[in-house]
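Each remark here refers to the structure printed beneath this line.
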Amino acid sequence: MTRHPLRRRLVWTVVALVLTVTATLALVSALVLRSSLYDQLDSRLLAAADRAKGSADPGGHGFGGPDEPHAVPGQAAGTVEVYAEDGQVGQAGYVDAAGEFQPLDDAQTAVLTALPCDGEIRVAALPGLGAFHAVCQPAGGGDSVVTAMSTADVAGTLRSYIGLEVGLAAAGVAIAAGAATVLVRRAMRPLDRVAEAARQVTELPLDRGEVDTIPRVPPALAAQRSEVGRVGAAFNRMIGHVETALSARHESEQQVRRFVADASHELRTPLASIRGYAELVRRSPDTVPPSAAHAIGRVEAEAGRMTGLVDDLLLLARLDAGRPLERAPVDLAALAVDAVADAHAAGPDHVWRLDLGPSPAPVLVCGDEGRLRQVLANLLGNARVHTPAGTTVWASCRVVGDEVVVEVRDDGPGIPADLRPRLFQRFSRADTARNRAGGSTGLGLAIAEAIVHAHGGTITVGSGGGATLTVRLPALTSDAQPAHGWRRGRPVALGS
Ligand SMILES: Nc1ncnc2c1ncn2[C@@H]1O[C@H](COP(=O)(O)OP(=O)(O)OP(=O)(O)O)[C@@H](O)[C@H]1O
Ligand SMILES: [Mg+2]
């Protein structure tokens, strides 16, 4: 039952109830009518039997005697009279529609004379004449009189009554079904509005950015005192609660971002000073002993690494805040050529391959050249840093439909399966000796993903051997607009 909509179940219930009530009423009234009609027939039969008995003649003859057999006057059409003496039938006939006394044939007479002569009313089927109620009464001196009346009229009346009842019941059920359908539909229509509001809510991107107003059920509906009104009011209260919770969450996220951005920004100046002073000391080797010179070198290197980390954090905070990127046509093929050349210079022990198709042409997207360059550098840097020497790295860049697809693939050890689900999360990296040795923070792919998302694209990791990372970006359309728009969000003041 729960598989069917509530509306249909309600209509079916109404129809079933109307049908049950109508059928019970029809059955009871038909039984009452039947019993009353048969009672009337039997009292008419007994009156006719009394009249017939009063005119019984010795020798088994009735009214009119043996010469001119005749029914007793006053007998209704269809009344049967059989007179007998000591089992010998003297006169047997019935009153036809014209009031004439017609003789019964032997078979019909035999049925009636076979009845016990005790004054009890019995049912008898006369061949050719149908069903009768019959009564046999002793008339004294061995005489007996059987009187019978056809039940055809009673059966006919009952048939027409039942036919009428069935017709009325069918019309009643049809009217009830139609009315129930209309009324239930009208009563349930407001529920569709609630469902529509819920559907609109499911389409909102509640997982990110600032949540504007969430759709609600119309106030007029929610104010109704019906059950649907209560559902609507509860729905609106829930949406209000969700809205408050989401804006509180958004506000605290914004605070964290502002804090990270401000802290990163503030750290840059002291870091620049540390690097500057360290460099100063390193450039005058005579003034410091060799052991201190080594320590100063380490300070400079670590300060450089920390500057990179702080820059990454600042960039992520800015991307999270939805800070607008530059928008200009960028040739990704040219960027790929530069990035592979840089990677080759940084990793001469690897084999680098670049595939730009049979006839290289500009592969244009609309975006921020510096950031897109960073994505390619991160992917190629990973293929260099996280694979052993001798690994081959393939980079390709092509237009597929309305997308630009950039792929960086290598035949190295691949990305560990347990890392893949959280590969793009911040600070997630495999626990390898190479990573532990330092230089790996686990921010590169998180930044790449944030940049690609900010350009309305996607970045995915392949599941085969080696590592395959695929970036898809909306290709630049003829009107120089990005095909998928920009990530929503409000810029926040971060300083420069
Ligand atoms: N081509 C690859 N082959 C094998 N493992 C990879 C490859 N690319 C990424 N990984 C794994 O994914 C992890 C996350 O990479 P991600 O670029 O985000 O951070 P990172 O390279 O460790 O540090 P960062 O890029 O911030 O210096 C890496 O630590 C490494 O374990
Ligand atoms: Mg990396």
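In the structure tokens, chains take the letters A, B, ... in the order shown, each chain's residues start at 1, and ligands count up from 1 in the order shown.
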Dump the neighbourhood of ligand 2 as a ChimeraX atom specification: all residues within 12 Å, distances computed on only C-alpha atoms and all ligand atoms.
-> /A:309,312,374-387,415,423-424,426-430,435,438-449
Extract, using only C-alpha atoms, all DNA, RNA and protein residues at most 8 Å from Leu45 in chain A, discarding same-chain residues fewer than 6 positions from it, and format them as a list in words.
->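 Neighbouring residues, sequence-local ones excluded: His133, Ala134, Val135, Thr147, Ala148 and Met149 of chain A.
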Might you pull out every residue within 6 Å of range 163-179 of chain A, with only C-alpha atoms counted and same-chain residues fewer than 3 positions away left off, and present them as a PyMOL selection string?
-> chain A and resi 15+160+182
Please produce a file of the residues just selected, as a short mmCIF file (atom, residue, chain, number, x, y, z; two decimals), in the first residue's frame, where the atoms kept are C-alpha atoms.
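Final output, again.cif:
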```cif
data_model
loop_
_atom_site.label_atom_id
_atom_site.label_comp_id
_atom_site.auth_asym_id
_atom_site.auth_seq_id
_atom_site.Cartn_x
_atom_site.Cartn_y
_atom_site.Cartn_z
CA VAL A 15 -14.46 4.11 -2.72
CA SER A 160 -35.84 -5.47 -11.19
CA VAL A 182 -11.23 16.20 -6.66
#
```
Taking 5 positions as the minimum chain separation for residues in the same chain, which residues sit within 10 Å of Gly304 in chain A when counting only C-alpha atoms? Answer as a PDB file with all heavy atoms, in the first residue's frame.
```
ATOM      1  N   LEU A 271      60.059  37.007   7.882  1.00  0.00           N
ATOM      2  CA  LEU A 271      60.759  35.950   7.133  1.00  0.00           C
ATOM      3  C   LEU A 271      61.737  36.563   6.138  1.00  0.00           C
ATOM      4  O   LEU A 271      62.868  36.090   5.957  1.00  0.00           O
ATOM      5  CB  LEU A 271      59.748  35.060   6.381  1.00  0.00           C
ATOM      6  CG  LEU A 271      59.162  33.932   7.214  1.00  0.00           C
ATOM      7  CD1 LEU A 271      58.043  33.241   6.422  1.00  0.00           C
ATOM      8  CD2 LEU A 271      60.251  32.913   7.539  1.00  0.00           C
ATOM      9  N   ALA A 272      61.271  37.626   5.474  1.00  0.00           N
ATOM     10  CA  ALA A 272      62.146  38.306   4.510  1.00  0.00           C
ATOM     11  C   ALA A 272      63.375  38.846   5.237  1.00  0.00           C
ATOM     12  O   ALA A 272      64.517  38.755   4.729  1.00  0.00           O
ATOM     13  CB  ALA A 272      61.389  39.432   3.820  1.00  0.00           C
ATOM     14  N   ILE A 274      64.746  37.638   8.055  1.00  0.00           N
ATOM     15  CA  ILE A 274      65.611  36.503   8.431  1.00  0.00           C
ATOM     16  C   ILE A 274      66.457  36.083   7.229  1.00  0.00           C
ATOM     17  O   ILE A 274      67.672  35.897   7.322  1.00  0.00           O
ATOM     18  CB  ILE A 274      64.755  35.319   8.933  1.00  0.00           C
ATOM     19  CG1 ILE A 274      64.097  35.687  10.262  1.00  0.00           C
ATOM     20  CG2 ILE A 274      65.595  34.055   9.108  1.00  0.00           C
ATOM     21  CD1 ILE A 274      63.071  34.675  10.737  1.00  0.00           C
ATOM     22  N   ARG A 275      65.753  35.934   6.065  1.00  0.00           N
ATOM     23  CA  ARG A 275      66.498  35.505   4.866  1.00  0.00           C
ATOM     24  C   ARG A 275      67.558  36.540   4.485  1.00  0.00           C
ATOM     25  O   ARG A 275      68.674  36.212   4.091  1.00  0.00           O
ATOM     26  CB  ARG A 275      65.529  35.278   3.708  1.00  0.00           C
ATOM     27  CG  ARG A 275      64.851  33.920   3.831  1.00  0.00           C
ATOM     28  CD  ARG A 275      63.660  33.799   2.929  1.00  0.00           C
ATOM     29  NE  ARG A 275      63.988  34.014   1.530  1.00  0.00           N
ATOM     30  CZ  ARG A 275      63.096  34.438   0.635  1.00  0.00           C
ATOM     31  NH1 ARG A 275      61.869  34.739   1.015  1.00  0.00           N
ATOM     32  NH2 ARG A 275      63.440  34.591  -0.614  1.00  0.00           N
ATOM     33  N   ARG A 298      71.567  26.747   6.759  1.00  0.00           N
ATOM     34  CA  ARG A 298      70.331  26.005   7.059  1.00  0.00           C
ATOM     35  C   ARG A 298      69.198  26.982   7.381  1.00  0.00           C
ATOM     36  O   ARG A 298      68.062  26.790   6.949  1.00  0.00           O
ATOM     37  CB  ARG A 298      70.555  25.079   8.275  1.00  0.00           C
ATOM     38  CG  ARG A 298      71.496  23.921   8.034  1.00  0.00           C
ATOM     39  CD  ARG A 298      70.970  22.963   6.969  1.00  0.00           C
ATOM     40  NE  ARG A 298      69.642  22.516   7.254  1.00  0.00           N
ATOM     41  CZ  ARG A 298      68.671  22.358   6.340  1.00  0.00           C
ATOM     42  NH1 ARG A 298      68.919  22.625   5.069  1.00  0.00           N
ATOM     43  NH2 ARG A 298      67.482  21.964   6.681  1.00  0.00           N
ATOM     44  N   VAL A 299      69.532  28.032   8.176  1.00  0.00           N
ATOM     45  CA  VAL A 299      68.509  29.029   8.513  1.00  0.00           C
ATOM     46  C   VAL A 299      67.950  29.649   7.238  1.00  0.00           C
ATOM     47  O   VAL A 299      66.727  29.769   7.046  1.00  0.00           O
ATOM     48  CB  VAL A 299      69.108  30.141   9.419  1.00  0.00           C
ATOM     49  CG1 VAL A 299      68.153  31.333   9.529  1.00  0.00           C
ATOM     50  CG2 VAL A 299      69.428  29.586  10.802  1.00  0.00           C
ATOM     51  N   LEU A 309      55.779  28.100   2.110  1.00  0.00           N
ATOM     52  CA  LEU A 309      54.602  27.591   2.811  1.00  0.00           C
ATOM     53  C   LEU A 309      53.625  28.722   3.135  1.00  0.00           C
ATOM     54  O   LEU A 309      52.411  28.605   2.918  1.00  0.00           O
ATOM     55  CB  LEU A 309      55.087  26.914   4.105  1.00  0.00           C
ATOM     56  CG  LEU A 309      54.054  26.166   4.923  1.00  0.00           C
ATOM     57  CD1 LEU A 309      53.418  25.081   4.097  1.00  0.00           C
ATOM     58  CD2 LEU A 309      54.730  25.555   6.159  1.00  0.00           C
ATOM     59  N   VAL A 310      54.160  29.818   3.607  1.00  0.00           N
ATOM     60  CA  VAL A 310      53.323  30.973   3.959  1.00  0.00           C
ATOM     61  C   VAL A 310      52.626  31.517   2.708  1.00  0.00           C
ATOM     62  O   VAL A 310      51.434  31.858   2.729  1.00  0.00           O
ATOM     63  CB  VAL A 310      54.204  32.041   4.650  1.00  0.00           C
ATOM     64  CG1 VAL A 310      53.520  33.392   4.639  1.00  0.00           C
ATOM     65  CG2 VAL A 310      54.506  31.617   6.080  1.00  0.00           C
TER      66      VAL A 310
END
```
Expressed in Å to a single decimal, how great is the separation between CA of Ala467 in chain A and atom 24 (P, counted along the ligand's line) of ligand 1?
->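 One can read the CA of Ala467 in chain A to atom 24 (P, counted along the ligand's line) of ligand 1 distance as 15.6 Å.
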Record the distance separating CA of Gly412 in chain A and CA of Gly457 in chain A, expressed in Å with one decimal.
->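 Going from CA of Gly412 in chain A over to CA of Gly457 in chain A covers 26.2 Å.
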Within 12 Å of range 218-235 of chain A using only C-alpha atoms, minus same-chain residues under 4 positions, as a PDB file with N, CA and C atoms, in the first residue's frame:
```pdb
ATOM      1  N   ARG A 186      -7.443  18.583  -4.144  1.00  0.00           N
ATOM      2  CA  ARG A 186      -7.441  19.972  -3.699  1.00  0.00           C
ATOM      3  C   ARG A 186      -6.795  20.090  -2.309  1.00  0.00           C
ATOM      4  N   ALA A 187      -7.105  19.104  -1.442  1.00  0.00           N
ATOM      5  CA  ALA A 187      -6.554  19.161  -0.080  1.00  0.00           C
ATOM      6  C   ALA A 187      -5.044  18.928  -0.084  1.00  0.00           C
ATOM      7  N   MET A 188      -4.580  18.126  -1.053  1.00  0.00           N
ATOM      8  CA  MET A 188      -3.152  17.763  -1.061  1.00  0.00           C
ATOM      9  C   MET A 188      -2.294  18.755  -1.846  1.00  0.00           C
ATOM     10  N   ARG A 189      -2.946  19.611  -2.650  1.00  0.00           N
ATOM     11  CA  ARG A 189      -2.150  20.498  -3.508  1.00  0.00           C
ATOM     12  C   ARG A 189      -1.117  21.308  -2.727  1.00  0.00           C
ATOM     13  N   PRO A 190      -1.462  21.815  -1.555  1.00  0.00           N
ATOM     14  CA  PRO A 190      -0.454  22.588  -0.803  1.00  0.00           C
ATOM     15  C   PRO A 190       0.787  21.760  -0.479  1.00  0.00           C
ATOM     16  N   LEU A 191       0.626  20.425  -0.340  1.00  0.00           N
ATOM     17  CA  LEU A 191       1.790  19.582  -0.059  1.00  0.00           C
ATOM     18  C   LEU A 191       2.793  19.646  -1.212  1.00  0.00           C
ATOM     19  N   ASP A 192       2.261  19.799  -2.454  1.00  0.00           N
ATOM     20  CA  ASP A 192       3.154  19.924  -3.615  1.00  0.00           C
ATOM     21  C   ASP A 192       4.013  21.184  -3.474  1.00  0.00           C
ATOM     22  N   ARG A 193       3.410  22.244  -2.904  1.00  0.00           N
ATOM     23  CA  ARG A 193       4.184  23.483  -2.725  1.00  0.00           C
ATOM     24  C   ARG A 193       5.316  23.242  -1.733  1.00  0.00           C
ATOM     25  N   VAL A 194       5.016  22.468  -0.664  1.00  0.00           N
ATOM     26  CA  VAL A 194       6.051  22.155   0.327  1.00  0.00           C
ATOM     27  C   VAL A 194       7.156  21.335  -0.348  1.00  0.00           C
ATOM     28  N   ALA A 195       6.736  20.318  -1.153  1.00  0.00           N
ATOM     29  CA  ALA A 195       7.720  19.466  -1.837  1.00  0.00           C
ATOM     30  C   ALA A 195       8.560  20.302  -2.800  1.00  0.00           C
ATOM     31  N   GLU A 196       7.907  21.260  -3.485  1.00  0.00           N
ATOM     32  CA  GLU A 196       8.622  22.106  -4.440  1.00  0.00           C
ATOM     33  C   GLU A 196       9.670  22.960  -3.706  1.00  0.00           C
ATOM     34  N   ALA A 197       9.265  23.491  -2.552  1.00  0.00           N
ATOM     35  CA  ALA A 197      10.218  24.302  -1.765  1.00  0.00           C
ATOM     36  C   ALA A 197      11.395  23.430  -1.341  1.00  0.00           C
ATOM     37  N   ALA A 198      11.105  22.190  -0.906  1.00  0.00           N
ATOM     38  CA  ALA A 198      12.185  21.281  -0.479  1.00  0.00           C
ATOM     39  C   ALA A 198      13.107  20.971  -1.658  1.00  0.00           C
ATOM     40  N   VAL A 201      15.444  23.743  -2.264  1.00  0.00           N
ATOM     41  CA  VAL A 201      16.515  23.791  -1.255  1.00  0.00           C
ATOM     42  C   VAL A 201      17.614  22.800  -1.628  1.00  0.00           C
ATOM     43  N   ILE A 214      17.214  31.083   1.733  1.00  0.00           N
ATOM     44  CA  ILE A 214      16.785  29.747   1.312  1.00  0.00           C
ATOM     45  C   ILE A 214      15.271  29.794   1.074  1.00  0.00           C
ATOM     46  N   ILE A 239      13.996  25.573   7.977  1.00  0.00           N
ATOM     47  CA  ILE A 239      14.835  26.340   7.054  1.00  0.00           C
ATOM     48  C   ILE A 239      15.465  27.524   7.781  1.00  0.00           C
ATOM     49  N   GLY A 240      14.667  28.175   8.653  1.00  0.00           N
ATOM     50  CA  GLY A 240      15.200  29.298   9.426  1.00  0.00           C
ATOM     51  C   GLY A 240      16.377  28.849  10.278  1.00  0.00           C
ATOM     52  N   HIS A 241      16.209  27.676  10.897  1.00  0.00           N
ATOM     53  CA  HIS A 241      17.271  27.141  11.750  1.00  0.00           C
ATOM     54  C   HIS A 241      18.525  26.848  10.914  1.00  0.00           C
ATOM     55  N   VAL A 242      18.306  26.203   9.752  1.00  0.00           N
ATOM     56  CA  VAL A 242      19.438  25.858   8.879  1.00  0.00           C
ATOM     57  C   VAL A 242      20.151  27.136   8.422  1.00  0.00           C
TER      58      VAL A 242
END
```
All residues 7 Å or closer to Ser264 in chain A, only C-alpha atoms, same chain fewer than 4 positions away omitted, as a VMD selection string = chain A and resid 260 268 310 313 to 314
Could the residues in this selection be saved with all heavy atoms as a PDB file, in the first residue's frame?
```
ATOM      1  N   VAL A 260      44.085  33.244   8.946  1.00  0.00           N
ATOM      2  CA  VAL A 260      45.182  32.574   8.224  1.00  0.00           C
ATOM      3  C   VAL A 260      45.826  33.556   7.259  1.00  0.00           C
ATOM      4  O   VAL A 260      47.058  33.659   7.154  1.00  0.00           O
ATOM      5  CB  VAL A 260      44.651  31.332   7.480  1.00  0.00           C
ATOM      6  CG1 VAL A 260      45.738  30.734   6.594  1.00  0.00           C
ATOM      7  CG2 VAL A 260      44.161  30.293   8.470  1.00  0.00           C
ATOM      8  N   ARG A 268      55.333  37.230   6.467  1.00  0.00           N
ATOM      9  CA  ARG A 268      56.208  37.435   5.311  1.00  0.00           C
ATOM     10  C   ARG A 268      57.347  38.415   5.636  1.00  0.00           C
ATOM     11  O   ARG A 268      58.492  38.187   5.259  1.00  0.00           O
ATOM     12  CB  ARG A 268      55.417  37.980   4.126  1.00  0.00           C
ATOM     13  CG  ARG A 268      54.610  36.915   3.437  1.00  0.00           C
ATOM     14  CD  ARG A 268      53.639  37.563   2.516  1.00  0.00           C
ATOM     15  NE  ARG A 268      53.755  37.069   1.155  1.00  0.00           N
ATOM     16  CZ  ARG A 268      53.184  37.654   0.127  1.00  0.00           C
ATOM     17  NH1 ARG A 268      52.543  38.776   0.282  1.00  0.00           N
ATOM     18  NH2 ARG A 268      53.310  37.140  -1.070  1.00  0.00           N
ATOM     19  N   VAL A 310      54.160  29.818   3.607  1.00  0.00           N
ATOM     20  CA  VAL A 310      53.323  30.973   3.959  1.00  0.00           C
ATOM     21  C   VAL A 310      52.626  31.517   2.708  1.00  0.00           C
ATOM     22  O   VAL A 310      51.434  31.858   2.729  1.00  0.00           O
ATOM     23  CB  VAL A 310      54.204  32.041   4.650  1.00  0.00           C
ATOM     24  CG1 VAL A 310      53.520  33.392   4.639  1.00  0.00           C
ATOM     25  CG2 VAL A 310      54.506  31.617   6.080  1.00  0.00           C
ATOM     26  N   LEU A 313      49.754  29.196   1.929  1.00  0.00           N
ATOM     27  CA  LEU A 313      48.627  29.399   2.845  1.00  0.00           C
ATOM     28  C   LEU A 313      47.868  30.670   2.491  1.00  0.00           C
ATOM     29  O   LEU A 313      46.631  30.698   2.488  1.00  0.00           O
ATOM     30  CB  LEU A 313      49.121  29.470   4.293  1.00  0.00           C
ATOM     31  CG  LEU A 313      49.596  28.143   4.882  1.00  0.00           C
ATOM     32  CD1 LEU A 313      50.174  28.368   6.269  1.00  0.00           C
ATOM     33  CD2 LEU A 313      48.434  27.160   4.956  1.00  0.00           C
ATOM     34  N   LEU A 314      48.602  31.714   2.167  1.00  0.00           N
ATOM     35  CA  LEU A 314      47.972  32.977   1.810  1.00  0.00           C
ATOM     36  C   LEU A 314      47.145  32.815   0.538  1.00  0.00           C
ATOM     37  O   LEU A 314      46.004  33.287   0.453  1.00  0.00           O
ATOM     38  CB  LEU A 314      49.052  34.047   1.622  1.00  0.00           C
ATOM     39  CG  LEU A 314      48.562  35.467   1.403  1.00  0.00           C
ATOM     40  CD1 LEU A 314      47.679  35.919   2.547  1.00  0.00           C
ATOM     41  CD2 LEU A 314      49.745  36.422   1.255  1.00  0.00           C
TER      42      LEU A 314
END
```
With distances taken over only C-alpha atoms, which of A:Ala343, A:Leu27, A:Leu129, A:Ala263 is nearest to Thr79 in chain A?
->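 Ranked by minimum distance to Thr79 in chain A, first place goes to A:Leu129.
The shortest atom-to-atom distance to Gln40 in chain A, with only C-alpha atoms taken into account, belongs to A:Val154 out of A:Ala114, A:Gly140, A:Val154, A:Gly464.
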Leu476 in chain A proximity check over A:Pro329, A:Gly390, A:Gly74, A:Pro348, using only C-alpha atoms: winner is A:Pro329
Taking the DSSP assignment computed from this structure's backbone, write out as an MDAnalysis selection string all residues of range 137-313 of chain A that belong to alpha helix (DSSP H).
-> chainID A and resid 152:202 219:222 227:283 290:313
Using DSSP on the backbone coordinates, identify all residues within range 132-374 of chain A classified as strand (DSSP E); present the result as a PyMOL selection string.
-> chain A and resi 132-140+143-150+328-331+351-355+364-367
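Nearest to Ala261 in chain A of all the residues A:Val211, A:Ala245, A:Ile121, A:Leu319 is A:Leu319, counting only C-alpha atoms.
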Between CA of Gly87 in chain A and CA of Ser144 in chain A, distance in Å (one decimal) = 8.2 Å
Just the residues within 8 Å of range 28-32 of chain A, please, counting only C-alpha atoms, with nothing from its chain fewer than 2 positions along; format it as a PyMOL selection string.
-> chain A and resi 24-26+34-36+158+161-162
Kindly export the residues of the current selection with N, CA, C and O atoms, as a short mmCIF file (atom, residue, chain, number, x, y, z; two decimals), in the first residue's frame.
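Saved to part.cif:
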```
data_model
loop_
_atom_site.label_atom_id
_atom_site.label_comp_id
_atom_site.auth_asym_id
_atom_site.auth_seq_id
_atom_site.Cartn_x
_atom_site.Cartn_y
_atom_site.Cartn_z
N THR A 24 -23.92 -3.45 1.59
CA THR A 24 -24.63 -3.96 2.78
C THR A 24 -26.08 -3.50 2.76
O THR A 24 -27.00 -4.30 2.98
N LEU A 25 -26.28 -2.20 2.46
CA LEU A 25 -27.66 -1.68 2.43
C LEU A 25 -28.48 -2.41 1.37
O LEU A 25 -29.63 -2.80 1.61
N ALA A 26 -27.88 -2.61 0.20
CA ALA A 26 -28.59 -3.25 -0.91
C ALA A 26 -28.97 -4.68 -0.53
O ALA A 26 -30.10 -5.13 -0.77
N ARG A 34 -37.64 -9.35 -0.24
CA ARG A 34 -37.93 -10.73 -0.67
C ARG A 34 -38.85 -11.41 0.36
O ARG A 34 -39.87 -12.00 0.00
N SER A 35 -38.47 -11.28 1.62
CA SER A 35 -39.27 -11.95 2.65
C SER A 35 -40.68 -11.36 2.69
O SER A 35 -41.67 -12.09 2.80
N SER A 36 -40.81 -10.02 2.53
CA SER A 36 -42.14 -9.41 2.57
C SER A 36 -42.98 -9.84 1.37
O SER A 36 -44.17 -10.14 1.50
N LEU A 158 -38.24 -8.88 -7.64
CA LEU A 158 -36.93 -8.88 -6.96
C LEU A 158 -35.80 -8.60 -7.95
O LEU A 158 -34.87 -7.84 -7.66
N TYR A 161 -35.71 -5.00 -8.80
CA TYR A 161 -35.25 -4.21 -7.65
C TYR A 161 -33.72 -4.31 -7.52
O TYR A 161 -33.04 -3.30 -7.36
N ILE A 162 -33.21 -5.55 -7.66
CA ILE A 162 -31.75 -5.73 -7.51
C ILE A 162 -31.01 -5.02 -8.65
O ILE A 162 -29.99 -4.36 -8.44
#
```
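Closest approach to ligand 1 among A:Val123, A:Leu356, A:Ala77, A:Leu316 is made by A:Leu316 (distances from only C-alpha atoms and all ligand atoms).
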